[in-house]
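One file, start-v9.cif, is given below (mmCIF, C-alpha atoms).
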data_target
#
loop_
_atom_site.label_atom_id
_atom_site.label_comp_id
_atom_site.auth_asym_id
_atom_site.auth_seq_id
_atom_site.Cartn_x
_atom_site.Cartn_y
_atom_site.Cartn_z
CA MET W 331 69.12 103.75 82.89
CA ARG W 332 72.75 102.67 83.15
CA ASN W 333 74.40 100.53 80.48
CA GLY W 334 70.94 99.41 79.46
CA VAL W 335 70.13 98.39 83.03
CA THR W 336 67.11 99.99 84.65
CA PHE W 337 67.56 100.55 88.39
CA ARG W 338 64.15 99.13 89.17
CA ARG W 339 64.91 98.45 92.80
CA MET W 340 66.01 102.02 93.54
CA PHE W 341 62.96 104.02 92.55
CA GLY W 342 59.82 102.96 94.34
CA ARG W 343 59.55 99.33 93.19
CA ARG W 344 61.43 97.72 96.02
CA ALA W 345 59.59 95.90 98.80
CA LEU W 346 61.89 97.16 101.56
CA ALA W 347 60.38 99.25 104.34
CA ILE W 348 63.16 101.09 106.20
CA ALA W 349 62.30 101.37 109.88
CA ALA W 350 61.80 104.97 110.98
CA GLY W 351 61.21 106.82 114.22
CA LEU W 352 64.07 105.04 115.99
CA LEU W 353 65.21 106.12 119.44
CA MET W 354 67.59 109.08 119.26
CA GLY W 355 70.19 110.16 121.77
CA CYS W 356 73.66 109.67 123.22
CA PRO W 357 73.35 106.63 125.52
CA THR W 358 76.21 104.28 126.24
CA ALA W 359 76.66 101.77 123.42
CA SER W 360 74.99 98.44 123.98
CA ASP W 361 75.65 95.02 122.52
CA PRO W 362 73.50 94.70 119.37
CA GLU W 363 73.79 90.92 119.31
CA ALA W 364 72.32 90.54 122.78
CA ALA W 365 69.01 92.01 121.65
CA VAL W 366 68.60 89.95 118.47
CA GLU W 367 65.32 88.13 118.52
CA ASP W 368 64.98 84.57 117.29
CA GLY W 369 64.38 84.88 113.58
CA GLY W 370 63.00 81.37 113.22
CA SER W 371 65.84 80.00 111.14
CA THR W 372 65.11 76.68 109.53
CA THR W 373 68.74 75.75 108.86
CA ALA W 374 69.71 72.33 110.13
CA GLN W 375 72.05 72.26 113.12
CA GLN W 376 74.81 70.19 111.56
CA PRO W 377 78.22 71.19 112.94
CA ASN W 378 80.37 69.43 110.35
CA THR W 379 80.95 69.71 106.63
CA ASP W 380 81.45 66.67 104.43
CA ASP W 381 85.18 67.09 105.06
CA GLY W 382 84.95 66.86 108.83
CA PRO W 383 84.60 69.39 111.65
CA LEU W 384 85.22 73.03 110.89
CA PRO W 385 85.33 75.96 113.30
CA THR W 386 82.17 77.99 113.69
CA ASP W 387 81.79 81.51 112.34
CA SER W 388 81.05 83.16 115.66
CA GLY W 389 84.14 85.34 115.59
CA GLU W 390 83.23 86.67 112.17
CA THR W 391 79.68 87.61 113.10
CA THR W 392 80.83 89.61 116.11
CA ALA W 393 83.46 91.39 114.07
CA SER W 394 81.05 92.12 111.24
CA GLN W 395 78.62 93.86 113.53
CA ALA W 396 81.34 96.04 114.96
CA ASP W 397 82.72 96.89 111.52
CA GLU W 398 79.49 97.43 109.66
CA GLY W 399 77.82 99.81 112.05
CA SER W 400 74.15 100.67 111.82
CA SER W 401 72.25 102.56 109.18
CA GLY W 402 68.94 102.82 110.93
CA GLY W 403 69.26 106.28 112.45
CA THR W 404 70.14 105.31 116.03
CA THR W 405 73.23 106.90 117.57
CA THR W 406 75.18 105.36 120.44
CA SER W 407 78.33 106.98 121.78
CA PRO W 408 80.22 107.10 125.06
CA SER W 409 79.11 109.98 127.27
CA SER W 410 82.74 111.14 127.53
CA THR W 411 82.54 112.48 123.98
CA GLY W 412 79.83 114.91 125.02
CA CYS W 413 76.55 115.79 123.31
CA ALA W 414 75.43 118.55 121.01
CA SER W 415 74.03 121.76 122.48
CA SER W 416 70.50 120.40 122.15
CA CYS W 417 71.17 117.59 124.66
CA GLU W 418 68.80 117.50 127.59
CA SER W 419 69.52 116.03 130.99
CA THR W 420 67.62 112.86 131.84
CA GLY W 421 68.08 113.44 135.56
CA ASP W 422 70.35 110.43 136.09
CA GLY W 423 73.57 111.93 134.80
CA GLU W 424 73.00 111.03 131.13
CA SER W 425 72.01 113.31 128.29
CA THR W 426 70.07 112.83 125.09
CA VAL W 427 70.03 114.78 121.85
CA ASP W 428 67.43 114.88 119.12
CA LEU W 429 68.92 114.03 115.71
CA PRO W 430 67.25 113.66 112.33
CA ASP W 431 66.13 110.09 111.79
CA ALA W 432 67.34 110.16 108.18
CA GLU W 433 70.06 111.68 106.00
CA LEU W 434 68.67 115.10 105.04
CA ASP W 435 71.00 115.87 102.12
CA CYS W 436 72.74 113.09 100.20
CA HIS W 437 75.47 115.33 98.80
CA ASP W 438 76.53 117.74 101.55
CA GLY W 439 79.33 115.72 103.17
CA ILE W 440 77.49 115.77 106.51
CA ASP W 441 76.23 112.70 108.38
CA GLU W 442 73.05 114.38 109.62
CA ASP W 443 71.62 111.35 111.42
CA ASP W 444 75.06 110.46 112.86
CA ASP W 445 74.75 106.80 111.94
CA GLY W 446 78.27 106.42 110.54
CA ARG W 447 77.07 106.25 106.92
CA LEU W 448 77.61 109.38 104.88
CA ASP W 449 75.49 110.66 102.01
CA CYS W 450 75.09 108.04 99.22
CA VAL W 451 76.42 105.25 101.44
CA ASP W 452 73.43 105.76 103.74
CA SER W 453 70.38 103.64 102.93
CA ASP W 454 68.28 106.79 103.28
CA CYS W 455 69.72 107.84 99.90
CA TRP W 456 68.72 104.72 97.95
CA GLU W 457 66.21 106.66 95.86
CA ASP W 458 68.39 109.67 95.17
CA GLN W 459 68.97 109.40 91.43
CA GLU W 460 72.53 110.74 91.48
CA CYS W 461 73.47 108.21 94.17
CA ALA W 462 71.66 105.35 92.41
CA ALA W 463 73.60 105.95 89.21
CA ARG W 464 76.83 105.07 91.04
CA TYR W 465 75.64 101.87 92.72
CA LEU W 466 76.84 98.50 91.45
CA ARG W 467 75.18 95.40 92.89
CA VAL W 468 77.24 92.20 92.78
CA ALA W 469 76.61 88.70 94.10
CA THR W 470 78.35 85.36 94.43
CA TRP W 471 76.55 82.05 94.85
CA ASN W 472 77.56 78.40 94.88
CA VAL W 473 74.44 76.92 93.30
CA ARG W 474 75.43 73.25 93.72
CA ASP W 475 74.19 72.74 90.15
CA VAL W 476 71.77 74.55 87.88
CA GLY W 477 69.18 71.77 87.69
CA GLU W 478 66.95 70.65 84.87
CA GLU W 479 64.57 73.22 83.45
CA GLY W 480 61.23 72.93 85.23
CA SER W 481 62.72 71.29 88.29
CA LEU W 482 62.10 72.78 91.74
CA GLN W 483 65.79 73.61 92.19
CA HIS W 484 66.01 75.35 88.81
CA ASP W 485 62.88 77.42 89.43
CA GLN W 486 63.89 78.41 92.96
CA LEU W 487 67.35 79.40 91.77
CA ILE W 488 65.71 81.80 89.32
CA ALA W 489 63.40 83.12 92.05
CA VAL W 490 66.34 83.97 94.32
CA LEU W 491 68.29 85.62 91.48
CA GLU W 492 65.28 87.77 90.62
CA ARG W 493 64.78 88.72 94.27
CA ILE W 494 68.39 89.79 94.97
CA ASP W 495 68.47 91.57 91.60
CA ALA W 496 72.24 91.87 91.15
CA ASP W 497 73.79 93.64 88.18
CA VAL W 498 76.46 90.93 88.11
CA VAL W 499 76.25 87.51 89.76
CA CYS W 500 78.95 84.86 89.60
CA LEU W 501 78.00 81.23 90.16
CA GLN W 502 80.02 78.24 91.26
CA GLU W 503 79.40 74.53 90.58
CA VAL W 504 77.77 74.85 87.19
CA GLY W 505 77.91 71.29 85.85
CA ASP W 506 79.91 70.24 82.81
CA ALA W 507 76.71 69.55 80.82
CA GLU W 508 74.61 72.45 82.08
CA GLU W 509 75.30 75.15 79.53
CA GLU W 510 71.75 75.12 78.15
CA GLN W 511 70.24 75.14 81.64
CA LEU W 512 72.48 78.07 82.59
CA GLN W 513 71.37 80.01 79.52
CA ALA W 514 67.75 79.36 80.51
CA VAL W 515 68.43 80.72 84.01
CA ALA W 516 70.10 83.81 82.57
CA LEU W 517 67.20 84.46 80.22
CA ALA W 518 64.58 84.03 82.93
CA ALA W 519 66.43 86.24 85.44
CA GLY W 520 67.17 89.01 82.94
CA TYR W 521 70.88 88.53 82.22
CA GLU W 522 71.92 89.14 78.63
CA HIS W 523 75.59 88.29 79.05
CA VAL W 524 76.95 84.91 80.19
CA VAL W 525 80.60 83.93 80.63
CA LEU W 526 81.16 80.23 81.41
CA ALA W 527 84.52 78.60 82.05
CA PRO W 528 85.34 75.41 80.12
CA ALA W 529 85.15 72.06 81.89
CA GLU W 530 88.35 70.71 80.38
CA GLY W 531 92.02 71.35 80.90
CA THR W 532 92.18 71.45 84.70
CA PRO W 533 93.79 69.00 87.14
CA THR W 534 90.50 67.53 88.36
CA GLY W 535 86.79 68.21 88.40
CA PHE W 536 84.22 69.34 85.90
CA ILE W 537 82.23 71.90 87.85
CA ARG W 538 82.70 75.41 86.56
CA ASN W 539 82.66 79.09 87.36
CA ALA W 540 80.20 81.30 85.48
CA CYS W 541 79.24 84.97 85.59
CA LEU W 542 75.94 86.52 84.50
CA SER W 543 75.83 90.24 83.79
CA ARG W 544 73.26 92.83 82.81
CA ILE W 545 76.13 95.12 81.83
CA GLU W 546 77.86 94.24 78.61
CA PRO W 547 81.46 93.33 79.48
CA ALA W 548 84.18 95.50 78.02
CA GLY W 549 86.28 92.36 78.23
CA ALA W 550 85.89 88.81 79.52
CA ASP W 551 88.25 85.88 79.78
CA VAL W 552 88.97 82.63 81.59
CA LEU W 553 92.27 82.24 83.45
CA TYR W 554 94.17 78.96 83.82
CA ALA W 555 97.30 78.56 85.90
CA ASP W 556 99.60 78.99 82.91
CA ASP W 557 97.85 82.27 82.07
CA ILE W 558 98.77 83.58 85.52
CA SER W 559 102.13 81.99 86.33
CA THR W 560 105.45 82.98 84.81
CA ASP W 561 105.93 79.22 84.35
CA ALA W 562 104.21 78.09 81.15
CA SER W 563 104.01 74.49 82.47
CA ALA W 564 102.03 75.44 85.61
CA ASN W 565 98.82 73.45 86.10
CA ASP W 566 97.90 74.17 89.71
CA VAL W 567 94.42 75.76 89.54
CA THR W 568 91.56 73.31 89.93
CA ARG W 569 88.86 75.47 88.36
CA PRO W 570 89.79 78.33 86.00
CA PHE W 571 88.93 81.82 87.22
CA VAL W 572 86.51 84.02 85.27
CA ARG W 573 87.38 87.68 84.80
CA LEU W 574 85.05 90.45 83.61
CA ARG W 575 85.82 94.10 83.00
CA LEU W 576 82.73 96.30 83.20
CA LEU W 577 82.25 99.99 82.47
CA VAL W 578 79.82 101.62 84.87
CA GLU W 579 79.10 104.54 82.56
CA SER W 580 77.25 106.79 84.99
CA ALA W 581 80.19 106.58 87.42
CA ASP W 582 82.75 106.72 84.59
CA ARG W 583 84.54 103.82 86.26
CA TYR W 584 85.74 100.42 85.13
CA VAL W 585 85.27 97.52 87.52
CA THR W 586 87.12 94.21 87.24
CA VAL W 587 85.29 91.19 88.66
CA ILE W 588 87.29 88.01 89.27
CA ALA W 589 85.28 84.91 90.14
CA ALA W 590 86.83 81.87 91.82
CA HIS W 591 85.96 78.54 93.39
CA LEU W 592 88.95 77.29 95.37
CA LYS W 593 89.68 73.65 96.16
CA SER W 594 87.39 72.13 98.78
CA GLY W 595 88.29 69.74 101.58
CA GLN W 596 90.35 69.78 104.77
CA ASP W 597 93.02 67.15 104.04
CA ASP W 598 96.59 68.38 103.71
CA VAL W 599 96.50 68.04 99.93
CA ASP W 600 93.30 70.09 99.75
CA ARG W 601 94.67 72.86 101.92
CA PHE W 602 97.90 72.95 99.92
CA ARG W 603 96.05 73.25 96.63
CA ARG W 604 93.71 75.90 98.05
CA MET W 605 96.67 77.97 99.23
CA VAL W 606 98.33 77.79 95.82
CA GLU W 607 95.07 78.89 94.18
CA SER W 608 94.73 81.83 96.55
CA ILE W 609 98.28 82.88 95.60
CA ARG W 610 97.20 82.74 91.96
CA LEU W 611 94.21 84.94 92.79
CA GLY W 612 96.50 87.49 94.39
CA GLN W 613 98.71 87.43 91.31
CA VAL W 614 95.70 88.10 89.08
CA VAL W 615 94.75 91.09 91.22
CA GLU W 616 98.26 92.54 91.17
CA ALA W 617 98.61 92.04 87.41
CA GLU W 618 95.23 93.68 86.81
CA ARG W 619 96.23 96.63 88.95
CA ASP W 620 99.50 97.00 87.03
CA ILE W 621 97.69 97.08 83.67
CA PHE W 622 94.60 99.04 84.74
CA PRO W 623 95.58 101.02 87.86
CA ASN W 624 92.29 102.94 87.94
CA ASN W 625 90.01 99.90 87.79
CA ALA W 626 88.06 98.96 90.89
CA ILE W 627 88.66 95.26 91.64
CA LEU W 628 86.37 92.62 93.12
CA VAL W 629 87.26 89.02 93.94
CA ILE W 630 84.16 86.98 94.62
CA GLY W 631 83.36 83.31 95.04
CA ASP W 632 83.45 80.18 97.15
CA LEU W 633 86.88 80.27 98.77
CA ASN W 634 86.16 77.09 100.74
CA GLU W 635 87.61 78.28 104.03
CA THR W 636 86.23 79.75 107.22
CA PRO W 637 87.18 83.30 108.25
CA GLN W 638 89.87 82.28 110.75
CA PRO W 639 91.61 79.14 109.49
CA ASP W 640 94.43 77.37 111.30
CA GLU W 641 97.88 78.03 109.89
CA GLN W 642 100.01 75.20 108.56
CA THR W 643 103.41 75.03 106.88
CA PHE W 644 104.15 72.77 103.90
CA ASP W 645 107.85 71.99 103.61
CA GLU W 646 107.29 69.62 100.69
CA LEU W 647 104.59 68.68 98.23
CA PRO W 648 101.82 66.72 99.96
CA GLY W 649 100.85 63.24 98.85
CA GLY W 650 97.72 62.70 96.80
CA LEU W 651 98.22 65.40 94.17
CA PRO W 652 96.58 64.59 90.79
CA LEU W 653 98.85 63.18 88.10
CA ALA W 654 98.17 66.24 85.94
CA TYR W 655 99.02 68.65 88.76
CA GLU W 656 102.12 70.78 88.13
CA LEU W 657 103.12 73.40 90.68
CA GLY W 658 104.49 76.47 88.89
CA SER W 659 108.15 77.19 89.55
CA ASP W 660 107.24 80.72 90.66
CA ILE W 661 105.76 79.32 93.90
CA ALA W 662 108.45 78.14 96.31
CA LEU W 663 108.36 75.86 99.34
CA PRO W 664 108.03 76.09 102.28
CA LEU W 665 104.48 77.37 101.92
CA THR W 666 102.42 78.72 104.82
CA TYR W 667 98.68 78.14 104.78
CA GLU W 668 97.12 81.62 104.97
CA PRO W 669 94.50 81.53 102.20
CA PHE W 670 93.19 85.08 102.67
CA ALA W 671 96.63 86.70 102.92
CA PRO W 672 97.22 87.10 99.14
CA LEU W 673 93.99 89.08 98.77
CA GLU W 674 94.65 91.18 101.85
CA ASP W 675 98.25 91.77 100.76
CA ALA W 676 96.76 93.07 97.50
CA THR W 677 94.85 95.61 99.67
CA LEU W 678 91.43 94.09 99.07
CA GLU W 679 88.98 94.21 101.96
CA ARG W 680 86.48 91.56 102.93
CA VAL W 681 82.84 92.62 102.73
CA HIS W 682 81.01 91.80 105.96
CA ALA W 683 77.60 90.46 105.01
CA ARG W 684 75.00 89.02 107.35
CA VAL W 685 71.55 87.53 107.01
CA GLU W 686 68.75 90.10 107.20
CA ASP W 687 67.97 91.21 110.76
CA THR W 688 70.34 88.65 112.31
CA PRO W 689 74.02 88.43 113.31
CA TRP W 690 74.49 85.32 111.11
CA THR W 691 77.12 85.32 108.37
CA GLU W 692 77.16 81.59 107.57
CA THR W 693 76.84 80.72 103.87
CA TYR W 694 77.29 76.92 103.76
CA LEU W 695 74.20 75.47 105.39
CA PRO W 696 75.17 71.84 106.10
CA GLY W 697 78.22 72.99 108.04
CA LEU W 698 76.82 76.30 109.30
CA VAL W 699 80.05 78.06 108.34
CA ARG W 700 81.01 80.91 106.08
CA LEU W 701 82.81 79.83 102.89
CA ASP W 702 81.64 82.42 100.34
CA TYR W 703 83.09 85.94 100.14
CA ILE W 704 83.30 89.25 98.36
CA TYR W 705 86.63 91.12 98.54
CA GLU W 706 86.84 94.63 97.09
CA ASP W 707 88.72 97.88 96.67
CA ALA W 708 85.90 99.40 94.64
CA GLY W 709 84.88 102.20 96.94
CA GLU W 710 82.40 102.06 99.78
CA VAL W 711 79.99 99.24 100.56
CA ALA W 712 76.55 100.78 100.86
CA VAL W 713 74.97 97.53 102.02
CA ALA W 714 75.79 93.81 102.05
CA GLU W 715 73.66 90.81 102.86
CA THR W 716 73.87 87.04 102.99
CA TYR W 717 70.51 86.16 101.50
CA GLU W 718 68.20 83.70 103.27
CA ALA W 719 64.56 83.50 102.22
CA CYS W 720 63.42 82.47 105.70
CA GLU W 721 64.51 85.86 107.06
CA ASP W 722 63.32 87.89 104.07
CA ASP W 723 60.22 89.80 105.16
CA GLY W 724 60.90 93.10 103.41
CA VAL W 725 61.08 94.99 106.72
CA ASP W 726 64.16 96.30 108.50
CA ASP W 727 63.81 94.88 112.01
CA PHE W 728 66.38 94.97 114.80
CA PRO W 729 69.39 95.06 114.47
CA TYR W 730 68.65 97.98 112.17
CA GLY W 731 70.41 98.65 108.92
CA ASP W 732 72.31 96.69 106.29
CA VAL W 733 69.15 95.28 104.78
CA LEU W 734 69.37 94.85 101.03
CA PRO W 735 66.61 96.56 99.01
CA LYS W 736 65.15 93.75 96.95
CA LEU W 737 62.95 93.34 93.89
CA GLY W 738 59.37 92.10 94.13
CA GLU W 739 57.75 90.29 97.02
CA PRO W 740 59.55 88.32 99.77
CA LEU W 741 60.09 84.65 99.00
CA ALA W 742 58.65 81.80 101.02
CA CYS W 743 60.80 80.20 103.69
CA GLY W 744 62.49 77.16 102.17
CA VAL W 745 63.18 78.65 98.75
CA SER W 746 66.87 79.18 99.55
CA ALA W 747 67.33 75.60 100.73
CA ASP W 748 65.50 74.26 97.66
CA ALA W 749 67.81 76.25 95.37
CA SER W 750 71.20 75.37 96.89
CA ASP W 751 73.10 74.29 99.99
CA HIS W 752 74.86 77.69 99.97
CA ARG W 753 73.44 81.15 100.59
CA PRO W 754 74.32 83.90 98.09
CA VAL W 755 76.33 86.89 99.28
CA VAL W 756 75.28 90.26 97.84
CA ALA W 757 76.88 93.70 98.08
CA VAL W 758 75.88 97.11 96.76
CA LEU W 759 78.98 99.19 96.12
CA TYR W 760 79.00 102.95 95.82
CA LEU W 761 81.56 103.97 93.19
CA PRO W 762 82.87 107.47 93.95
#
Would you mind writing the file out in structure tokens?
Amino acid sequence: MRNGVTFRRMFGRRALAIAAGLLMGCPTASDPEAAVEDGGSTTAQQPNTDDGPLPTDSGETTASQADEGSSGGTTTSPSSTGCASSCESTGDGESTVDLPDAELDCHDGIDEDDDGRLDCVDSDCWEDQECAARYLRVATWNVRDVGEEGSLQHDQLIAVLERIDADVVCLQEVGDAEEEQLQAVALAAGYEHVVLAPAEGTPTGFIRNACLSRIEPAGADVLYADDISTDASANDVTRPFVRLRLLVESADRYVTVIAAHLKSGQDDVDRFRRMVESIRLGQVVEAERDIFPNNAILVIGDLNETPQPDEQTFDELPGGLPLAYELGSDIALPLTYEPFAPLEDATLERVHARVEDTPWTETYLPGLVRLDYIYEDAGEVAVAETYEACEDDGVDDFPYGDVLPKLGEPLACGVSADASDHRPVVAVLYLP
């Protein structure tokens, strides 16, 4: 029990079956993507978003595989590094070594199965109680809207939330009249604490950010532009950010979660506004770090940009800004469009999450692009996944590792698409 939250998924009630008995040895590394079998995705092949063509996410998926590594117990390493003394010759100039196919001790500082994931960060340690006490599971999801109670969308949204079983989940595009529906979702999915941004007081739009938490917040607030800027007249954030501060008691660590939904669209005015909002996000992170230097920080949400956007320079304000829009005087022109730079400059790292047993990282289904992200400096990412019901079979198939332990039985293919046009992104963080 942690902060009143039972870690149901960690102790024998999860449906995940971690693949065992994997091939051991020291062969030359192979390309994991080349061996991915067709997972039977049902996502529509639509190359464009509503705003026009966007680049694909192929560069991100390749990078994510290289960065994430494998947690399934298979070791690949160049032969030039040599093998342990137990290596045996195969007769063709290569050698193999028998390694444990699981982490033997979750607290000895040794990577026994040589899979690049040490102790509690290894999925083999999910059910170690000391490790489990320091896990925090977070998720972000653009739900499109919450839907009327009893509707298919509403019910499927609840089903996905129950399945991914996050301690904290932040939602985007909660409608201006959906407070009661959101409370119903929170109640059904087991979230006692709800923080919902107001629908008024922003330049345009009435869709809102919201966060649901099973951990009682030590503090929660909603941040407008004039809360962030040194200029009290600033009104340059389309949708106010939501900020939670949570105490993970068993880890004796505070975690700050900042939820955002940046301006959508690919016109110049949209990109300008999105860049300004990303600067505001970076300012929130830096201010939080100044006040609470020991807090872990997460920025999560729909950032409405693909992983490798084209740069652009704005020498003047673009046309088409809302009448109520007021750029804060603390942001000067010219302005270069690099929407992830403020978070990276604040030393936050992007979590690489892919769909179970696939190389896919796309989160926005109509465009088949990645728009939704988790950035963190919280510690180590034990596992991350972009959830898609059509690939959720509860079994860790090739490519091995990075499969999220989930609650209950796998959902039917189609549930994700019924719930939203975005896939949720989930990460389990180990807090040292």
When the PyMOL selection byres ((chain W and resi 641) around 8) is applied to the file above, which residues end up in the set, as a PyMOL selection string?
chain W and resi 639-640+642-643+666-668
Could you tell me how far atom CA of W:Thr716 sits from atom CA of W:Arg753, in Å to one decimal place?
6.4 Å
I want to know what sits within 6 Å of stretch 548-555 of chain W, based on only C-alpha atoms, with residues of the same chain fewer than 4 positions away left out; could you give that as a VMD selection string?
chain W and resid 559 564 to 567 570 to 576
Please write the residues picked by the PyMOL selection byres ((chain W and resi 722) around 12) on this file as number ranges by chain.
W: 345-347, 369-371, 490, 493-494, 685-688, 715-721, 723-727, 733-746
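Here the PyMOL selection byres ((chain W and resi 581) around 8) captures the residues Ala463, Arg464, Val578, Glu579, Ser580, Asp582, Arg583, Leu761 and Pro762 of chain W.
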From the options W:Gln613, W:Ser481, W:Ser453, W:Ser563, which residue's atoms come nearest to W:Gly658, counting only C-alpha atoms?
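For W:Gly658, the nearest of the candidates is W:Ser563.
Picture a line from atom CA of W:Val473 to atom CA of W:Asp495; it runs 15.9 Å.
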Using only C-alpha atoms, find the one residue out of W:Ala590, W:Val451, W:Val614, W:Val606 that sits nearest to W:Cys500.
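Closest to W:Cys500, using only C-alpha atoms: W:Ala590.
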Starting from the point (82.7, 93.7, 91.0), work out which residues of protein, DNA or RNA have an atom no more than 6 Å away when counting all atoms listed in the file; state them as an MDAnalysis selection string.
chainID W and resid 468 585:587 628
Quick check, in Å to one decimal: how far apart do atom CA of W:Pro754 and atom CA of W:Tyr694 lie?
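Between atom CA of W:Pro754 and atom CA of W:Tyr694 the gap is 9.5 Å.
Comparing the minimum interatomic distances between W:Asn539 and each of W:Glu656, W:Asp632, W:Glu710, W:Asp449, counting only C-alpha atoms, we find that W:Asp632 sits nearest.
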Which polymer residues have any atom within 12 Å of an atom of W:Leu542, counting all atoms listed in the file, with same-chain residues fewer than 5 positions away left out, as a ChimeraX atom specification?
/W:468-471,491,495-502,512-527,547,550,572-574,576,587,589
